[in-house]
Amino acid sequence: GQQLNQSPQSMFIQEGEDVSMNCTSSSIFNTWLWYKQDPGEGPVLLIALYKAGELTSNGRLTAQFGITRKDSFLNISASIPSDVGIYFCAGRPGNQFYFGTGTSLTVIP
Amino acid sequence: GAVVSQHPSWVICKSGTSVKIECRSLDFQATTMFWYRQFPKQSLMLMATSNEGSKATYEQGVEKDKFLINHASLTLSTLTVTSAHPEDSSFYICSATLRTGNEQFFGPGTRLTVL
């Protein structure tokens with residue numbers, strides 16, 4: 001199926017730094033979701049967004065539903081080693097879900 | 001809430017055998033479940049959408065006779081990989097949506113290795 005454009009593909013950062021990643025689509029979405037996947041496990045839902053402009057936080061994570069409804073951003077503040085993993089965005093223009101290609105995050109202690 | 005389990009978590013089988021993977025929604029009823037396949041360091045590839053009581057909808061390129069999906073109840077969907085071959089080795093993940101359908105909740109995945 002269709003995939004969203006997610007960037008960056010990978011990130012290597014120092015512990016304590018902030019992280020930003022984003023997803024864009026060619027069509028308007030009515031839902032944006034952000035997941036984290038640890039190696040050998042299924043994705044875990046981090047944040048769900050339902051309205052354009054919505055800004056939602058979950059601890060050190062903050063995600064925003066873009067005003068154009070074609071993009072979303074995820075920020076992680078003050079990264080720690082356990083933030084390591086692959087982050088996926090997902091969105092729905094209708095009933096079907098589409099997934100981003102993933103951002104691999106490595107945090108260097 | 002919204003917990004999805006998968007069983008088994010890993011399986012090794014001989015080429016030519018069939019393997020069944022179960023996906024259960026533990027604390028909610030899931031009218032729709034999804035089956036994904038994931039290769040190392042890649043994104044999730046949707047294989048099929050499973051609706052309770054009806055035939056699954058397969059994505060283009062996914063052989064429905066090879067990957068049999070049964071969604072017999074609102075809390076259980078099964079994926080059977082028939083006559084498995086080494087190229088079927090992969091990480092298979094299921095997910096389920098609540099009745100609102102706004103979010104997908106994923107199982108922990110099943111690692112299949114076909115010798």
# chains A, B, ... in the order shown; residues from 1 in each chain; ligands from 1

call {"tool": "closest_atom_pairs", "arguments": {"of": "segment 3-26 of chain A", "to": "segment 60-73 of chain A", "cutoff": "9 Å", "atoms": "only C-alpha atoms", "output": "JSON lines"}}
result
{"residue": "A:Ser20", "atom": "CA", "partner": "A:Phe73", "partner_atom": "CA", "distance": 7.1}
{"residue": "A:Met21", "atom": "CA", "partner": "A:Phe73", "partner_atom": "CA", "distance": 5.8}
{"residue": "A:Asn22", "atom": "CA", "partner": "A:Phe73", "partner_atom": "CA", "distance": 4.3}
{"residue": "A:Cys23", "atom": "CA", "partner": "A:Ser72", "partner_atom": "CA", "distance": 5.4}
{"residue": "A:Thr24", "atom": "CA", "partner": "A:Asp71", "partner_atom": "CA", "distance": 4.3}
{"residue": "A:Ser25", "atom": "CA", "partner": "A:Lys70", "partner_atom": "CA", "distance": 5.1}
{"residue": "A:Ser26", "atom": "CA", "partner": "A:Lys70", "partner_atom": "CA", "distance": 6.6}

call {"tool": "write_last_selection", "arguments": {"atoms": "all heavy atoms", "output": "PDB file, in the first residue's frame"}}
result
ATOM      1  N   SER A  20      13.820  15.852  16.383  1.00  0.00           N
ATOM      2  CA  SER A  20      12.632  16.183  15.598  1.00  0.00           C
ATOM      3  C   SER A  20      12.560  15.296  14.372  1.00  0.00           C
ATOM      4  O   SER A  20      13.570  15.060  13.711  1.00  0.00           O
ATOM      5  CB  SER A  20      12.672  17.651  15.143  1.00  0.00           C
ATOM      6  OG  SER A  20      12.473  18.517  16.222  1.00  0.00           O
ATOM      7  N   MET A  21      11.382  14.825  14.071  1.00  0.00           N
ATOM      8  CA  MET A  21      11.151  14.047  12.862  1.00  0.00           C
ATOM      9  C   MET A  21       9.781  14.406  12.322  1.00  0.00           C
ATOM     10  O   MET A  21       8.932  14.927  13.053  1.00  0.00           O
ATOM     11  CB  MET A  21      11.256  12.550  13.133  1.00  0.00           C
ATOM     12  CG  MET A  21      10.294  12.022  14.154  1.00  0.00           C
ATOM     13  SD  MET A  21      10.652  10.310  14.655  1.00  0.00           S
ATOM     14  CE  MET A  21      12.011  10.543  15.808  1.00  0.00           C
ATOM     15  N   ASN A  22       9.587  14.159  11.023  1.00  0.00           N
ATOM     16  CA  ASN A  22       8.294  14.535  10.461  1.00  0.00           C
ATOM     17  C   ASN A  22       7.844  13.572   9.385  1.00  0.00           C
ATOM     18  O   ASN A  22       8.624  12.783   8.860  1.00  0.00           O
ATOM     19  CB  ASN A  22       8.352  15.960   9.910  1.00  0.00           C
ATOM     20  CG  ASN A  22       9.201  16.057   8.666  1.00  0.00           C
ATOM     21  OD1 ASN A  22       8.775  15.763   7.558  1.00  0.00           O
ATOM     22  ND2 ASN A  22      10.447  16.466   8.845  1.00  0.00           N
ATOM     23  N   CYS A  23       6.574  13.679   9.080  1.00  0.00           N
ATOM     24  CA  CYS A  23       5.943  12.852   8.054  1.00  0.00           C
ATOM     25  C   CYS A  23       5.104  13.739   7.162  1.00  0.00           C
ATOM     26  O   CYS A  23       4.425  14.649   7.647  1.00  0.00           O
ATOM     27  CB  CYS A  23       5.007  11.843   8.704  1.00  0.00           C
ATOM     28  SG  CYS A  23       5.706  10.213   8.814  1.00  0.00           S
ATOM     29  N   THR A  24       5.153  13.449   5.871  1.00  0.00           N
ATOM     30  CA  THR A  24       4.312  14.197   4.935  1.00  0.00           C
ATOM     31  C   THR A  24       3.562  13.230   4.037  1.00  0.00           C
ATOM     32  O   THR A  24       4.044  12.138   3.736  1.00  0.00           O
ATOM     33  CB  THR A  24       5.141  15.161   4.067  1.00  0.00           C
ATOM     34  OG1 THR A  24       6.110  14.397   3.338  1.00  0.00           O
ATOM     35  CG2 THR A  24       5.843  16.195   4.905  1.00  0.00           C
ATOM     36  N   SER A  25       2.395  13.681   3.624  1.00  0.00           N
ATOM     37  CA  SER A  25       1.593  12.867   2.719  1.00  0.00           C
ATOM     38  C   SER A  25       1.132  13.721   1.553  1.00  0.00           C
ATOM     39  O   SER A  25       1.156  14.949   1.617  1.00  0.00           O
ATOM     40  CB  SER A  25       0.378  12.293   3.449  1.00  0.00           C
ATOM     41  OG  SER A  25      -0.533  13.325   3.771  1.00  0.00           O
ATOM     42  N   SER A  26       0.721  13.069   0.507  1.00  0.00           N
ATOM     43  CA  SER A  26       0.236  13.801  -0.664  1.00  0.00           C
ATOM     44  C   SER A  26      -1.266  14.076  -0.560  1.00  0.00           C
ATOM     45  O   SER A  26      -1.814  14.852  -1.337  1.00  0.00           O
ATOM     46  CB  SER A  26       0.520  13.011  -1.952  1.00  0.00           C
ATOM     47  OG  SER A  26      -0.048  11.718  -1.865  1.00  0.00           O
TER      48      SER A  26
END

call {"tool": "interface_residues", "arguments": {"of": "chain A", "to": "chain B", "cutoff": "6 Å", "atoms": "only C-alpha atoms", "output": "PyMOL selection string"}}
result
chain A and resi 41-43+101

call {"tool": "residues_around", "arguments": {"residues": "Thr31 of chain B", "least_positions_apart": "4", "cutoff": "7 Å", "atoms": "only C-alpha atoms", "output": "PyMOL selection string"}}
result
chain B and resi 51-52+74+99

call {"tool": "write_last_selection", "arguments": {"atoms": "N, CA and C atoms", "output": "short mmCIF file (atom, residue, chain, number, x, y, z; two decimals), in the first residue's frame"}}
result
data_model
loop_
_atom_site.label_atom_id
_atom_site.label_comp_id
_atom_site.auth_asym_id
_atom_site.auth_seq_id
_atom_site.Cartn_x
_atom_site.Cartn_y
_atom_site.Cartn_z
N ASN B 51 -11.94 -8.63 8.68
CA ASN B 51 -13.16 -8.20 9.37
C ASN B 51 -13.89 -9.41 9.91
N GLU B 52 -14.35 -9.30 11.14
CA GLU B 52 -15.01 -10.43 11.81
C GLU B 52 -16.20 -10.91 11.00
N LEU B 74 -14.80 -11.66 17.53
CA LEU B 74 -14.40 -10.25 17.68
C LEU B 74 -13.09 -10.09 18.44
N ARG B 99 -13.78 -0.06 18.01
CA ARG B 99 -14.94 0.18 17.16
C ARG B 99 -14.89 1.54 16.47
#

call {"tool": "closest_residue", "arguments": {"among": "A:Leu33, A:Ser82, A:Asp18, A:Gln6", "to": "Phe97 of chain A", "atoms": "only C-alpha atoms"}}
result
A:Leu33

call {"tool": "select_by_dssp", "arguments": {"residues": "chain B", "states": "strand (DSSP E or B)", "output": "JSON list (two decimals) with N, CA and C atoms, in the first residue's frame"}}
result
[["chain", "number", "residue", "atom", "x", "y", "z"],
["B", 4, "VAL", "N", -3.15, -6.19, 22.66],
["B", 4, "VAL", "CA", -3.22, -7.21, 21.62],
["B", 4, "VAL", "C", -2.11, -8.21, 21.84],
["B", 5, "SER", "N", -2.45, -9.47, 21.83],
["B", 5, "SER", "CA", -1.43, -10.51, 22.01],
["B", 5, "SER", "C", -1.28, -11.33, 20.74],
["B", 6, "GLN", "N", -0.13, -11.93, 20.60],
["B", 6, "GLN", "CA", 0.14, -12.83, 19.47],
["B", 6, "GLN", "C", 0.78, -14.09, 19.99],
["B", 7, "HIS", "N", 0.43, -15.20, 19.34],
["B", 7, "HIS", "CA", 1.02, -16.47, 19.73],
["B", 7, "HIS", "C", 1.22, -17.34, 18.50],
["B", 10, "TRP", "N", 7.61, -16.74, 18.56],
["B", 10, "TRP", "CA", 8.56, -17.14, 17.53],
["B", 10, "TRP", "C", 8.33, -18.61, 17.19],
["B", 11, "VAL", "N", 8.62, -18.95, 15.96],
["B", 11, "VAL", "CA", 8.43, -20.33, 15.52],
["B", 11, "VAL", "C", 9.44, -20.66, 14.44],
["B", 12, "ILE", "N", 9.97, -21.86, 14.54],
["B", 12, "ILE", "CA", 10.88, -22.39, 13.54],
["B", 12, "ILE", "C", 10.23, -23.64, 12.96],
["B", 13, "CYS", "N", 10.16, -23.71, 11.65],
["B", 13, "CYS", "CA", 9.52, -24.88, 11.05],
["B", 13, "CYS", "C", 10.30, -25.32, 9.82],
["B", 19, "VAL", "N", 2.06, -23.13, 9.27],
["B", 19, "VAL", "CA", 2.21, -22.50, 10.58],
["B", 19, "VAL", "C", 1.02, -21.58, 10.83],
["B", 20, "LYS", "N", 0.44, -21.69, 12.01],
["B", 20, "LYS", "CA", -0.69, -20.83, 12.36],
["B", 20, "LYS", "C", -0.25, -19.83, 13.43],
["B", 21, "ILE", "N", -0.60, -18.57, 13.20],
["B", 21, "ILE", "CA", -0.30, -17.50, 14.15],
["B", 21, "ILE", "C", -1.62, -16.92, 14.63],
["B", 22, "GLU", "N", -1.76, -16.78, 15.93],
["B", 22, "GLU", "CA", -2.99, -16.23, 16.50],
["B", 22, "GLU", "C", -2.79, -14.79, 16.96],
["B", 23, "CYS", "N", -3.84, -14.02, 16.76],
["B", 23, "CYS", "CA", -3.84, -12.62, 17.20],
["B", 23, "CYS", "C", -5.11, -12.41, 18.01],
["B", 24, "ARG", "N", -4.94, -11.96, 19.24],
["B", 24, "ARG", "CA", -6.10, -11.76, 20.11],
["B", 24, "ARG", "C", -6.13, -10.35, 20.68],
["B", 25, "SER", "N", -7.32, -9.78, 20.70],
["B", 25, "SER", "CA", -7.52, -8.53, 21.42],
["B", 25, "SER", "C", -7.98, -8.93, 22.82],
["B", 32, "THR", "N", -12.10, -5.09, 13.32],
["B", 32, "THR", "CA", -11.14, -5.15, 12.23],
["B", 32, "THR", "C", -9.75, -5.45, 12.78],
["B", 33, "MET", "N", -9.08, -6.41, 12.16],
["B", 33, "MET", "CA", -7.70, -6.72, 12.49],
["B", 33, "MET", "C", -6.88, -6.67, 11.21],
["B", 34, "PHE", "N", -5.64, -6.33, 11.37],
["B", 34, "PHE", "CA", -4.74, -6.21, 10.24],
["B", 34, "PHE", "C", -3.56, -7.15, 10.43],
["B", 35, "TRP", "N", -3.04, -7.65, 9.33],
["B", 35, "TRP", "CA", -1.84, -8.48, 9.36],
["B", 35, "TRP", "C", -0.76, -7.80, 8.53],
["B", 36, "TYR", "N", 0.42, -7.68, 9.16],
["B", 36, "TYR", "CA", 1.55, -7.04, 8.51],
["B", 36, "TYR", "C", 2.73, -8.00, 8.46],
["B", 37, "ARG", "N", 3.61, -7.70, 7.53],
["B", 37, "ARG", "CA", 4.87, -8.42, 7.45],
["B", 37, "ARG", "C", 5.96, -7.35, 7.48],
["B", 38, "GLN", "N", 7.02, -7.65, 8.19],
["B", 38, "GLN", "CA", 8.09, -6.66, 8.30],
["B", 38, "GLN", "C", 9.44, -7.33, 8.09],
["B", 44, "LEU", "N", 6.40, -1.44, 7.97],
["B", 44, "LEU", "CA", 5.38, -2.47, 7.99],
["B", 44, "LEU", "C", 4.74, -2.58, 6.62],
["B", 45, "MET", "N", 4.57, -3.80, 6.16],
["B", 45, "MET", "CA", 3.91, -4.03, 4.88],
["B", 45, "MET", "C", 2.57, -4.69, 5.14],
["B", 46, "LEU", "N", 1.50, -3.99, 4.84],
["B", 46, "LEU", "CA", 0.17, -4.54, 5.07],
["B", 46, "LEU", "C", -0.07, -5.72, 4.15],
["B", 47, "MET", "N", -0.48, -6.84, 4.73],
["B", 47, "MET", "CA", -0.78, -8.04, 3.95],
["B", 47, "MET", "C", -2.28, -8.14, 3.69],
["B", 48, "ALA", "N", -3.06, -7.93, 4.75],
["B", 48, "ALA", "CA", -4.50, -8.12, 4.60],
["B", 48, "ALA", "C", -5.23, -7.44, 5.74],
["B", 49, "THR", "N", -6.48, -7.12, 5.46],
["B", 49, "THR", "CA", -7.40, -6.57, 6.46],
["B", 49, "THR", "C", -8.46, -7.61, 6.73],
["B", 50, "SER", "N", -8.67, -7.89, 8.00],
["B", 50, "SER", "CA", -9.58, -8.96, 8.39],
["B", 50, "SER", "C", -10.76, -8.39, 9.17],
["B", 51, "ASN", "N", -11.94, -8.63, 8.68],
["B", 51, "ASN", "CA", -13.16, -8.20, 9.37],
["B", 51, "ASN", "C", -13.89, -9.41, 9.91],
["B", 57, "THR", "N", -9.58, -9.06, 3.22],
["B", 57, "THR", "CA", -9.22, -8.31, 2.01],
["B", 57, "THR", "C", -7.71, -8.29, 1.92],
["B", 58, "TYR", "N", -7.19, -8.86, 0.85],
["B", 58, "TYR", "CA", -5.74, -8.98, 0.69],
["B", 58, "TYR", "C", -5.19, -7.84, -0.15],
["B", 67, "PHE", "N", -1.50, -17.40, 2.42],
["B", 67, "PHE", "CA", -1.66, -16.76, 3.72],
["B", 67, "PHE", "C", -3.16, -16.74, 4.05],
["B", 68, "LEU", "N", -3.58, -17.79, 4.73],
["B", 68, "LEU", "CA", -5.01, -17.94, 5.04],
["B", 68, "LEU", "C", -5.33, -17.17, 6.32],
["B", 69, "ILE", "N", -6.34, -16.34, 6.23],
["B", 69, "ILE", "CA", -6.74, -15.54, 7.38],
["B", 69, "ILE", "C", -8.17, -15.88, 7.76],
["B", 70, "ASN", "N", -8.35, -16.10, 9.06],
["B", 70, "ASN", "CA", -9.66, -16.39, 9.60],
["B", 70, "ASN", "C", -9.93, -15.46, 10.77],
["B", 71, "HIS", "N", -11.07, -14.80, 10.75],
["B", 71, "HIS", "CA", -11.43, -13.87, 11.83],
["B", 71, "HIS", "C", -12.76, -14.36, 12.39],
["B", 72, "ALA", "N", -12.67, -15.39, 13.21],
["B", 72, "ALA", "CA", -13.87, -16.11, 13.64],
["B", 72, "ALA", "C", -14.65, -15.39, 14.72],
["B", 73, "SER", "N", -13.98, -14.54, 15.49],
["B", 73, "SER", "CA", -14.69, -13.85, 16.56],
["B", 73, "SER", "C", -14.17, -12.42, 16.66],
["B", 76, "LEU", "N", -10.43, -12.65, 18.02],
["B", 76, "LEU", "CA", -9.42, -13.58, 17.51],
["B", 76, "LEU", "C", -9.36, -13.58, 15.99],
["B", 77, "SER", "N", -8.15, -13.41, 15.48],
["B", 77, "SER", "CA", -7.89, -13.59, 14.06],
["B", 77, "SER", "C", -6.66, -14.49, 13.94],
["B", 78, "THR", "N", -6.68, -15.36, 12.96],
["B", 78, "THR", "CA", -5.52, -16.25, 12.76],
["B", 78, "THR", "C", -4.97, -16.09, 11.36],
["B", 79, "LEU", "N", -3.66, -16.22, 11.26],
["B", 79, "LEU", "CA", -2.96, -16.21, 9.98],
["B", 79, "LEU", "C", -2.25, -17.55, 9.85],
["B", 80, "THR", "N", -2.56, -18.29, 8.80],
["B", 80, "THR", "CA", -1.90, -19.56, 8.56],
["B", 80, "THR", "C", -1.03, -19.43, 7.32],
["B", 81, "VAL", "N", 0.25, -19.65, 7.50],
["B", 81, "VAL", "CA", 1.17, -19.66, 6.38],
["B", 81, "VAL", "C", 1.24, -21.11, 5.89],
["B", 90, "SER", "N", 10.05, -14.24, 8.23],
["B", 90, "SER", "CA", 9.84, -12.80, 8.42],
["B", 90, "SER", "C", 9.28, -12.56, 9.81],
["B", 91, "PHE", "N", 9.04, -11.30, 10.09],
["B", 91, "PHE", "CA", 8.39, -10.89, 11.33],
["B", 91, "PHE", "C", 6.95, -10.53, 10.96],
["B", 92, "TYR", "N", 5.99, -11.25, 11.54],
["B", 92, "TYR", "CA", 4.59, -11.02, 11.24],
["B", 92, "TYR", "C", 3.94, -10.34, 12.43],
["B", 93, "ILE", "N", 3.25, -9.24, 12.15],
["B", 93, "ILE", "CA", 2.63, -8.45, 13.22],
["B", 93, "ILE", "C", 1.16, -8.24, 12.91],
["B", 94, "CYS", "N", 0.33, -8.41, 13.92],
["B", 94, "CYS", "CA", -1.08, -8.12, 13.74],
["B", 94, "CYS", "C", -1.42, -6.84, 14.51],
["B", 95, "SER", "N", -2.52, -6.25, 14.14],
["B", 95, "SER", "CA", -3.02, -5.10, 14.88],
["B", 95, "SER", "C", -4.53, -5.15, 14.87],
["B", 96, "ALA", "N", -5.12, -4.39, 15.77],
["B", 96, "ALA", "CA", -6.57, -4.35, 15.87],
["B", 96, "ALA", "C", -7.02, -2.93, 16.16],
["B", 97, "THR", "N", -8.21, -2.63, 15.70],
["B", 97, "THR", "CA", -8.76, -1.32, 15.97],
["B", 97, "THR", "C", -9.99, -1.45, 16.87],
["B", 104, "GLN", "N", -4.77, 2.08, 15.72],
["B", 104, "GLN", "CA", -4.41, 0.68, 15.63],
["B", 104, "GLN", "C", -3.54, 0.32, 16.81],
["B", 105, "PHE", "N", -3.81, -0.83, 17.40],
["B", 105, "PHE", "CA", -3.00, -1.34, 18.49],
["B", 105, "PHE", "C", -2.34, -2.63, 18.03],
["B", 106, "PHE", "N", -1.03, -2.70, 18.18],
["B", 106, "PHE", "CA", -0.27, -3.80, 17.62],
["B", 106, "PHE", "C", 0.02, -4.91, 18.61],
["B", 110, "THR", "N", 5.37, -11.98, 15.66],
["B", 110, "THR", "CA", 5.78, -13.38, 15.62],
["B", 110, "THR", "C", 6.93, -13.51, 14.63],
["B", 111, "ARG", "N", 8.02, -14.02, 15.13],
["B", 111, "ARG", "CA", 9.19, -14.24, 14.26],
["B", 111, "ARG", "C", 9.10, -15.64, 13.68],
["B", 112, "LEU", "N", 8.94, -15.74, 12.36],
["B", 112, "LEU", "CA", 8.86, -17.03, 11.68],
["B", 112, "LEU", "C", 10.16, -17.30, 10.94],
["B", 113, "THR", "N", 10.73, -18.45, 11.22],
["B", 113, "THR", "CA", 11.93, -18.90, 10.51],
["B", 113, "THR", "C", 11.63, -20.23, 9.86],
["B", 114, "VAL", "N", 11.77, -20.29, 8.56],
["B", 114, "VAL", "CA", 11.51, -21.53, 7.82],
["B", 114, "VAL", "C", 12.84, -22.09, 7.34]]
